[in-house]
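The file run-v4.txt contains compact mmCIF, C-alpha atoms:
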# COMPACT_ATOMS: atom_id res chain seq x y z
CA MET A 5 -8.63 20.36 -92.20
CA ASN A 6 -6.70 21.45 -89.15
CA ARG A 7 -6.89 25.22 -88.52
CA ILE A 8 -3.16 25.50 -89.25
CA ASP A 9 -3.54 23.94 -92.70
CA THR A 10 -6.58 26.11 -93.41
CA ARG A 11 -4.79 29.30 -92.43
CA PHE A 12 -1.67 28.60 -94.48
CA ALA A 13 -3.78 27.65 -97.49
CA ALA A 14 -5.59 30.98 -97.24
CA LEU A 15 -2.30 32.85 -96.90
CA LYS A 16 -0.89 31.13 -99.97
CA ALA A 17 -4.01 31.92 -101.98
CA HIS A 18 -3.51 35.62 -101.22
CA SER A 19 0.31 35.58 -101.50
CA ARG A 20 0.72 36.63 -97.88
CA LYS A 21 3.28 35.69 -95.24
CA ALA A 22 2.33 34.24 -91.87
CA LEU A 23 2.98 36.25 -88.73
CA VAL A 24 3.38 33.96 -85.71
CA PRO A 25 3.82 35.67 -82.33
CA PHE A 26 4.94 33.75 -79.25
CA ILE A 27 3.91 34.63 -75.71
CA THR A 28 4.39 32.82 -72.42
CA ALA A 29 1.15 31.70 -70.78
CA GLY A 30 0.81 33.57 -67.50
CA ASP A 31 3.15 36.46 -68.28
CA PRO A 32 2.96 39.40 -67.77
CA SER A 33 0.03 38.25 -65.62
CA LEU A 34 -2.53 35.47 -65.39
CA ALA A 35 -5.30 37.93 -66.25
CA ALA A 36 -3.53 39.21 -69.36
CA THR A 37 -2.92 36.00 -71.33
CA VAL A 38 -6.27 35.59 -73.07
CA PRO A 39 -6.81 39.32 -73.73
CA VAL A 40 -3.31 39.47 -75.25
CA MET A 41 -4.10 36.46 -77.45
CA HIS A 42 -7.18 38.26 -78.78
CA ALA A 43 -5.16 41.45 -79.29
CA LEU A 44 -2.54 39.57 -81.29
CA ALA A 45 -5.20 38.03 -83.51
CA ALA A 46 -6.78 41.44 -84.07
CA ALA A 47 -3.37 42.93 -84.92
CA GLY A 48 -2.79 40.37 -87.64
CA ALA A 49 -1.40 37.21 -86.05
CA ASP A 50 -1.99 34.19 -88.27
CA VAL A 51 -0.96 31.60 -85.70
CA ILE A 52 -0.40 32.12 -81.98
CA GLU A 53 2.33 30.14 -80.24
CA LEU A 54 1.53 29.88 -76.54
CA GLY A 55 4.52 28.95 -74.41
CA VAL A 56 3.86 26.47 -71.60
CA PRO A 57 5.85 27.63 -68.55
CA PHE A 58 8.55 25.11 -67.64
CA SER A 59 11.13 25.04 -64.86
CA ASP A 60 14.08 24.17 -67.12
CA PRO A 61 13.59 25.88 -70.50
CA MET A 62 17.00 24.90 -71.85
CA ALA A 63 16.42 26.11 -75.43
CA ASP A 64 15.34 29.56 -74.35
CA GLY A 65 17.41 32.62 -73.64
CA PRO A 66 17.17 34.83 -70.55
CA THR A 67 14.07 36.76 -71.64
CA ILE A 68 11.82 33.74 -72.05
CA GLN A 69 13.45 31.92 -69.14
CA ARG A 70 12.52 34.79 -66.84
CA SER A 71 8.99 34.98 -68.24
CA SER A 72 8.57 31.27 -67.56
CA GLU A 73 9.86 31.71 -64.00
CA ARG A 74 7.43 34.55 -63.36
CA ALA A 75 4.52 32.58 -64.79
CA ILE A 76 5.31 29.52 -62.69
CA ALA A 77 5.50 31.71 -59.59
CA ARG A 78 1.95 32.84 -60.37
CA GLY A 79 0.77 29.22 -60.66
CA ALA A 80 0.77 28.89 -64.45
CA GLY A 81 1.56 25.55 -66.05
CA LEU A 82 0.16 23.16 -68.62
CA SER A 83 -3.35 23.07 -67.14
CA TYR A 84 -3.47 26.86 -67.05
CA ALA A 85 -2.32 27.06 -70.68
CA LEU A 86 -5.09 24.69 -71.75
CA ARG A 87 -7.67 26.76 -69.85
CA CYS A 88 -6.44 29.87 -71.63
CA VAL A 89 -6.91 28.25 -75.03
CA ALA A 90 -10.40 27.08 -74.09
CA GLU A 91 -11.31 30.61 -73.00
CA PHE A 92 -9.78 32.08 -76.17
CA ARG A 93 -11.92 29.73 -78.27
CA GLN A 94 -15.11 31.18 -76.77
CA ARG A 95 -14.57 34.24 -79.01
CA ASP A 96 -12.13 33.05 -81.66
CA ALA A 97 -12.86 29.82 -83.48
CA ASP A 98 -10.45 30.37 -86.36
CA THR A 99 -6.99 31.51 -85.28
CA PRO A 100 -4.68 28.49 -84.92
CA VAL A 101 -3.02 28.00 -81.54
CA VAL A 102 0.17 26.01 -81.08
CA LEU A 103 1.47 25.10 -77.63
CA MET A 104 5.25 25.43 -77.46
CA GLY A 105 7.26 23.86 -74.69
CA TYR A 106 9.02 20.80 -73.40
CA LEU A 107 8.30 17.10 -73.27
CA ASN A 108 8.30 16.46 -69.52
CA PRO A 109 4.85 17.90 -68.64
CA ILE A 110 3.29 15.88 -71.46
CA GLU A 111 5.02 12.67 -70.39
CA ILE A 112 3.74 13.18 -66.85
CA ARG A 113 0.20 13.62 -68.14
CA GLY A 114 0.45 10.87 -70.74
CA SER A 115 0.56 11.74 -74.43
CA ALA A 116 -2.83 10.27 -75.33
CA ARG A 117 -4.59 12.02 -72.45
CA PHE A 118 -2.80 15.28 -73.17
CA ALA A 119 -3.68 15.16 -76.86
CA ALA A 120 -7.36 14.59 -76.13
CA GLU A 121 -7.43 17.43 -73.58
CA ALA A 122 -5.53 19.77 -75.89
CA VAL A 123 -7.87 19.21 -78.83
CA ALA A 124 -10.90 19.59 -76.55
CA ALA A 125 -9.52 22.95 -75.43
CA GLY A 126 -8.98 24.08 -79.02
CA VAL A 127 -5.24 23.53 -79.49
CA ASP A 128 -4.20 22.80 -83.08
CA GLY A 129 -0.53 21.87 -82.77
CA VAL A 130 2.30 21.31 -80.33
CA LEU A 131 5.99 22.12 -80.72
CA LEU A 132 8.32 20.33 -78.30
CA VAL A 133 11.83 21.66 -78.51
CA ASP A 134 13.45 18.72 -76.72
CA LEU A 135 11.76 15.90 -78.64
CA PRO A 136 14.13 14.26 -81.16
CA PRO A 137 12.20 13.39 -84.33
CA GLU A 138 13.71 9.90 -84.28
CA GLU A 139 11.95 9.27 -80.96
CA ALA A 140 8.59 10.86 -81.77
CA ALA A 141 6.70 7.98 -83.39
CA GLU A 142 4.57 6.97 -80.39
CA LEU A 143 3.74 10.52 -79.42
CA ARG A 144 2.96 11.43 -83.03
CA ALA A 145 0.56 8.48 -83.24
CA ASP A 146 -1.27 9.59 -80.09
CA PHE A 147 -1.46 13.14 -81.41
CA ALA A 148 -2.72 12.01 -84.82
CA ALA A 149 -5.44 9.90 -83.22
CA ALA A 150 -6.74 13.03 -81.50
CA GLY A 151 -6.29 15.33 -84.52
CA LEU A 152 -3.37 17.26 -83.03
CA GLN A 153 -0.41 18.25 -85.21
CA LEU A 154 3.20 17.82 -84.08
CA ILE A 155 5.26 20.79 -85.27
CA LEU A 156 8.91 19.95 -85.95
CA LEU A 157 12.11 22.01 -85.80
CA ALA A 158 15.01 22.31 -88.24
CA SER A 159 18.18 24.34 -87.78
CA PRO A 160 21.38 25.33 -89.61
CA THR A 161 23.09 22.27 -88.11
CA THR A 162 20.40 19.79 -89.18
CA THR A 163 22.00 17.02 -91.25
CA ASP A 164 20.66 16.04 -94.65
CA ALA A 165 19.49 12.70 -93.27
CA ARG A 166 17.57 14.31 -90.43
CA LEU A 167 16.19 17.01 -92.71
CA ALA A 168 14.79 14.33 -95.00
CA LEU A 169 13.08 12.77 -91.97
CA LEU A 170 11.70 16.14 -90.86
CA CYS A 171 10.38 16.99 -94.30
CA ASP A 172 8.67 13.61 -94.57
CA ASP A 173 7.08 13.78 -91.11
CA ALA A 174 6.31 17.51 -90.85
CA GLN A 175 2.75 18.58 -90.08
CA GLY A 176 1.25 22.07 -90.07
CA TYR A 177 4.48 23.94 -90.65
CA LEU A 178 8.19 23.33 -90.24
CA TYR A 179 9.84 25.73 -87.80
CA TYR A 180 13.30 26.76 -88.98
CA VAL A 181 15.60 28.00 -86.21
CA SER A 182 17.57 30.69 -88.03
CA PHE A 183 20.78 30.21 -86.04
CA ALA A 184 22.25 27.73 -83.58
CA GLY A 185 21.75 28.87 -80.00
CA VAL A 186 18.95 29.95 -77.68
CA THR A 187 16.01 32.27 -78.18
CA GLY A 188 16.57 35.99 -77.91
CA ALA A 189 20.13 36.13 -79.22
CA ASP A 190 20.99 39.06 -81.46
CA ARG A 191 23.06 37.57 -84.26
CA LEU A 192 20.66 36.99 -87.12
CA ASP A 193 22.33 36.53 -90.53
CA ALA A 194 19.37 36.95 -92.85
CA VAL A 195 21.34 36.21 -96.00
CA ALA A 196 22.62 32.85 -94.77
CA ALA A 197 19.26 31.98 -93.24
CA ASN A 198 17.43 32.72 -96.48
CA GLU A 199 19.80 30.54 -98.46
CA ARG A 200 19.08 27.64 -96.12
CA LEU A 201 15.36 28.38 -96.12
CA ARG A 202 15.29 28.23 -99.90
CA GLU A 203 16.82 24.75 -99.80
CA ILE A 204 14.43 23.50 -97.14
CA ARG A 205 11.34 24.87 -98.88
CA LEU A 206 12.21 22.86 -101.97
CA ARG A 207 12.13 19.68 -99.87
CA SER A 208 9.35 20.38 -97.36
CA ARG A 209 5.77 19.36 -98.01
CA VAL A 210 4.49 21.89 -95.46
CA PRO A 211 5.12 25.64 -95.15
CA VAL A 212 8.41 26.68 -93.55
CA VAL A 213 8.46 29.50 -91.00
CA ALA A 214 11.55 31.10 -89.50
CA GLY A 215 12.16 32.06 -85.89
CA PHE A 216 14.96 33.17 -83.53
CA GLY A 217 16.46 36.64 -83.96
CA ILE A 218 13.32 38.27 -85.36
CA LYS A 219 12.62 41.32 -83.23
CA ASP A 220 11.11 44.06 -85.41
CA ALA A 221 9.61 44.91 -88.78
CA ALA A 222 12.97 45.02 -90.55
CA SER A 223 14.12 41.59 -89.39
CA ALA A 224 10.68 40.12 -90.08
CA SER A 225 10.76 41.42 -93.65
CA ALA A 226 14.30 40.17 -94.17
CA MET A 227 13.44 36.64 -93.09
CA ALA A 228 10.17 36.58 -95.01
CA ARG A 229 11.98 36.75 -98.33
CA GLU A 230 12.21 32.96 -98.35
CA ALA A 231 10.24 31.85 -95.30
CA GLU A 232 6.49 31.43 -95.62
CA GLY A 233 6.10 32.98 -92.21
CA VAL A 234 8.07 34.44 -89.31
CA VAL A 235 7.94 33.80 -85.58
CA VAL A 236 8.61 36.61 -83.10
CA GLY A 237 9.05 35.66 -79.47
CA SER A 238 11.64 37.16 -77.13
CA ALA A 239 11.19 40.76 -78.29
CA LEU A 240 7.42 40.53 -77.81
CA VAL A 241 7.80 38.82 -74.42
CA ALA A 242 10.16 41.61 -73.35
CA ALA A 243 7.70 44.29 -74.47
CA LEU A 244 4.93 42.65 -72.48
CA ALA A 245 7.14 42.31 -69.41
CA GLU A 246 7.60 46.07 -69.35
CA THR A 247 3.89 46.47 -68.63
CA GLN A 248 4.07 44.65 -65.31
CA ALA A 249 2.95 46.80 -62.41
CA GLN A 250 5.72 47.65 -59.96
CA PRO A 251 5.33 46.06 -56.49
CA ALA A 252 4.55 49.44 -54.96
CA VAL A 253 1.78 50.11 -57.47
CA ALA A 254 -1.63 48.56 -56.87
CA ALA A 255 -3.00 47.68 -60.31
CA SER A 256 -6.26 45.90 -60.94
CA ALA A 257 -6.36 42.82 -63.12
CA GLU A 258 -8.25 44.83 -65.72
CA THR A 259 -5.66 47.63 -65.74
CA ASP A 260 -2.83 45.11 -65.95
CA ALA A 261 -4.44 43.28 -68.87
CA ALA A 262 -5.24 46.54 -70.67
CA ALA A 263 -1.60 47.63 -70.54
CA ALA A 264 -0.47 44.29 -71.92
CA VAL A 265 -3.06 44.43 -74.72
CA ALA A 266 -1.88 47.89 -75.72
CA ALA A 267 1.76 46.75 -75.75
CA ALA A 268 0.96 43.64 -77.80
CA THR A 269 -0.97 45.66 -80.36
CA ALA A 270 1.71 48.32 -80.65
CA PHE A 271 4.43 45.71 -81.07
CA LEU A 272 2.74 43.49 -83.63
CA THR A 273 1.09 46.08 -85.88
CA PRO A 274 4.29 47.30 -87.62
CA LEU A 275 5.41 43.72 -88.24
CA ARG A 276 2.10 42.94 -89.92
CA GLN A 277 2.38 46.06 -92.03
CA ALA A 278 5.93 45.19 -93.05
CA LEU A 279 4.99 41.66 -94.10
CA ASP A 280 2.05 42.98 -96.13
CA ALA A 281 4.02 45.76 -97.81
CA PRO A 282 4.58 45.35 -101.57
CA THR A 283 8.01 43.93 -102.45
As structure tokens - that is how I would like this structure written.
Amino acid sequence: MNRIDTRFAALKAHSRKALVPFITAGDPSLAATVPVMHALAAAGADVIELGVPFSDPMADGPTIQRSSERAIARGAGLSYALRCVAEFRQRDADTPVVLMGYLNPIEIRGSARFAAEAVAAGVDGVLLVDLPPEEAAELRADFAAAGLQLILLASPTTTDARLALLCDDAQGYLYYVSFAGVTGADRLDAVAANERLREIRLRSRVPVVAGFGIKDAASASAMAREAEGVVVGSALVAALAETQAQPAVAASAETDAAAAVAAATAFLTPLRQALDAPT
């Protein structure tokens, strides 16, 4: 079984909800990415979504856009993200890692080559926000041949016809975007989102996790009423960005990474506690 399937099966067996943090590879620094990944796993992350820096992140709001810009300026890209996963796997063989990003870097590399390299590095799944499911057959076949899962997205505006396609083709988990818009917006309607999540869960053959608008323990708990997991991205990325050393301050790579690790742990711990609290 893929690590994603194994992890969600274990969560279901213990009646627990998945906590899925997102970070941008290369931000707040190149040295911090892998230590932060380990810190997230230690703080209770069930799956780690690692954002691949991209020059035109059209589905992302300002917070993740800026993190991607900073990472690219440091030299981070798809190859760097794969190296981070490979390094992470030296100490953690179990926590699933999903690369999240855009189609262009994979098309440049070639989907078959990318899939082979991703699996060799230890990647379990890939979520491409600009890949229409109707156009994913060839890429999905290349991924399947390598043992890589293609994570799909659904949203409040997804039609019944497309939702049927998504539920039939979904692998790993189905990512439900809780409102129409970009990442980081502050307009989560948990009641409406949970109603839609309930409908989708009845149709989906894989777990359904909810993202967008989840920024703290309260919003994570609210969305976990119907979702089988929650994704937190922009709020975590913002917390990590605050640890960046100011230009006038000379910080070592170790000091920089330590500050990011502390911030990641402090941010994620209350969300884990909230999801595990009795209901």
So how many Å separate CA of Pro61 in chain A and CA of Ile110 in chain A, to one decimal?
14.4 Å
Expressed in Å to a single decimal, how great is the separation between CA of Ala221 in chain A and CA of Glu91 in chain A?
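According to the coordinates, CA of Ala221 in chain A and CA of Glu91 in chain A are separated by 29.9 Å.
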In Å to one decimal, how far is CA of Arg166 in chain A from CA of Ala141 in chain A?
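Taking CA of Ala141 in chain A and CA of Arg166 in chain A, their separation equals 14.4 Å.
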Residues at most 12 Å from Ala222 in chain A, counting only C-alpha atoms, excluding those fewer than 6 positions away in the same chain, as a PyMOL selection string?
chain A and resi 192+194+228-229+234+274-279+281
Would you write out, as a tab-separated table, a table of all residues in range 25-102 of chain A that have an atom no more than 7 Å from an atom of range 239-244 of chain A, listing for each the closest atom pair and the distance in Å to one decimal, considering all atoms listed in the file and ordering rows by chain and rising residue number?
residue	atom	partner	partner_atom	distance
A:Ile27	CA	A:Val241	CA	5.9
A:Pro32	CA	A:Leu244	CA	6.1
A:Thr67	CA	A:Ala242	CA	6.5
A:Ile68	CA	A:Val241	CA	6.9
Glu199 in chain A surroundings by only C-alpha atoms, 8 Å radius, close-in-sequence under 4 positions cut, as a PyMOL selection string:
chain A and resi 195+203+230
Tell me which of A:Ala148, A:Leu23, A:Ile8, A:Met104 sits closest to Gly48 in chain A, counting only C-alpha atoms.
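Looking only at the distances to Gly48 in chain A, the closest residue turns out to be A:Leu23.
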Report, as JSON, the axis-aligned box around all atoms of range 156-168 of chain A present in the file, extended by 8 Å on each side; give centre and edge lengths in Å to one decimal place.
{"center_x": 16.0, "center_y": 19.0, "center_z": -90.4, "size_x": 30.2, "size_y": 28.6, "size_z": 25.2}
Can you sort out range 149-175 of chain A so it carries N, CA and C atoms, written as a compact mmCIF listing (two decimals), keeping the file's coordinate frame?
# COMPACT_ATOMS: atom_id res chain seq x y z
N ALA A 149 -4.15 10.51 -83.58
CA ALA A 149 -5.44 9.90 -83.22
C ALA A 149 -6.42 10.94 -82.69
N ALA A 150 -5.89 11.99 -82.06
CA ALA A 150 -6.74 13.03 -81.50
C ALA A 150 -6.96 14.19 -82.47
N GLY A 151 -6.19 14.22 -83.57
CA GLY A 151 -6.29 15.33 -84.52
C GLY A 151 -5.41 16.50 -84.17
N LEU A 152 -4.30 16.22 -83.47
CA LEU A 152 -3.37 17.26 -83.03
C LEU A 152 -2.08 17.15 -83.85
N GLN A 153 -1.61 18.28 -84.38
CA GLN A 153 -0.41 18.25 -85.21
C GLN A 153 0.85 18.43 -84.37
N LEU A 154 1.91 17.70 -84.73
CA LEU A 154 3.20 17.82 -84.08
C LEU A 154 4.09 18.67 -84.98
N ILE A 155 4.43 19.86 -84.51
CA ILE A 155 5.26 20.79 -85.27
C ILE A 155 6.73 20.45 -85.01
N LEU A 156 7.51 20.35 -86.07
CA LEU A 156 8.91 19.95 -85.95
C LEU A 156 9.85 21.13 -86.20
N LEU A 157 11.09 20.98 -85.72
CA LEU A 157 12.11 22.01 -85.80
C LEU A 157 13.26 21.57 -86.70
N ALA A 158 13.77 22.50 -87.49
CA ALA A 158 15.01 22.31 -88.24
C ALA A 158 15.92 23.49 -87.92
N SER A 159 17.22 23.30 -88.11
CA SER A 159 18.18 24.34 -87.78
C SER A 159 19.34 24.33 -88.77
N PRO A 160 20.23 25.32 -88.69
CA PRO A 160 21.38 25.33 -89.61
C PRO A 160 22.27 24.10 -89.48
N THR A 161 22.24 23.44 -88.32
CA THR A 161 23.09 22.27 -88.11
C THR A 161 22.38 20.95 -88.41
N THR A 162 21.14 21.00 -88.86
CA THR A 162 20.40 19.79 -89.18
C THR A 162 21.07 19.07 -90.36
N THR A 163 21.36 17.80 -90.18
CA THR A 163 22.00 17.02 -91.25
C THR A 163 21.00 16.73 -92.37
N ASP A 164 21.53 16.36 -93.52
CA ASP A 164 20.66 16.04 -94.65
C ASP A 164 19.75 14.86 -94.33
N ALA A 165 20.29 13.88 -93.61
CA ALA A 165 19.49 12.70 -93.27
C ALA A 165 18.34 13.08 -92.34
N ARG A 166 18.64 13.90 -91.34
CA ARG A 166 17.57 14.31 -90.43
C ARG A 166 16.59 15.24 -91.13
N LEU A 167 17.09 16.11 -91.99
CA LEU A 167 16.19 17.01 -92.71
C LEU A 167 15.22 16.23 -93.58
N ALA A 168 15.69 15.16 -94.19
CA ALA A 168 14.79 14.33 -95.00
C ALA A 168 13.69 13.75 -94.12
N LEU A 169 14.06 13.30 -92.91
CA LEU A 169 13.08 12.77 -91.97
C LEU A 169 12.08 13.85 -91.57
N LEU A 170 12.57 15.03 -91.26
CA LEU A 170 11.70 16.14 -90.86
C LEU A 170 10.73 16.51 -91.97
N CYS A 171 11.25 16.60 -93.18
CA CYS A 171 10.38 16.99 -94.30
C CYS A 171 9.32 15.93 -94.60
N ASP A 172 9.65 14.68 -94.36
CA ASP A 172 8.67 13.61 -94.57
C ASP A 172 7.59 13.60 -93.49
N ASP A 173 7.99 13.92 -92.25
CA ASP A 173 7.08 13.78 -91.11
C ASP A 173 6.38 15.08 -90.72
N ALA A 174 6.80 16.21 -91.29
CA ALA A 174 6.31 17.51 -90.85
C ALA A 174 4.80 17.63 -91.02
N GLN A 175 4.19 18.29 -90.05
CA GLN A 175 2.75 18.58 -90.08
C GLN A 175 2.57 20.07 -89.78
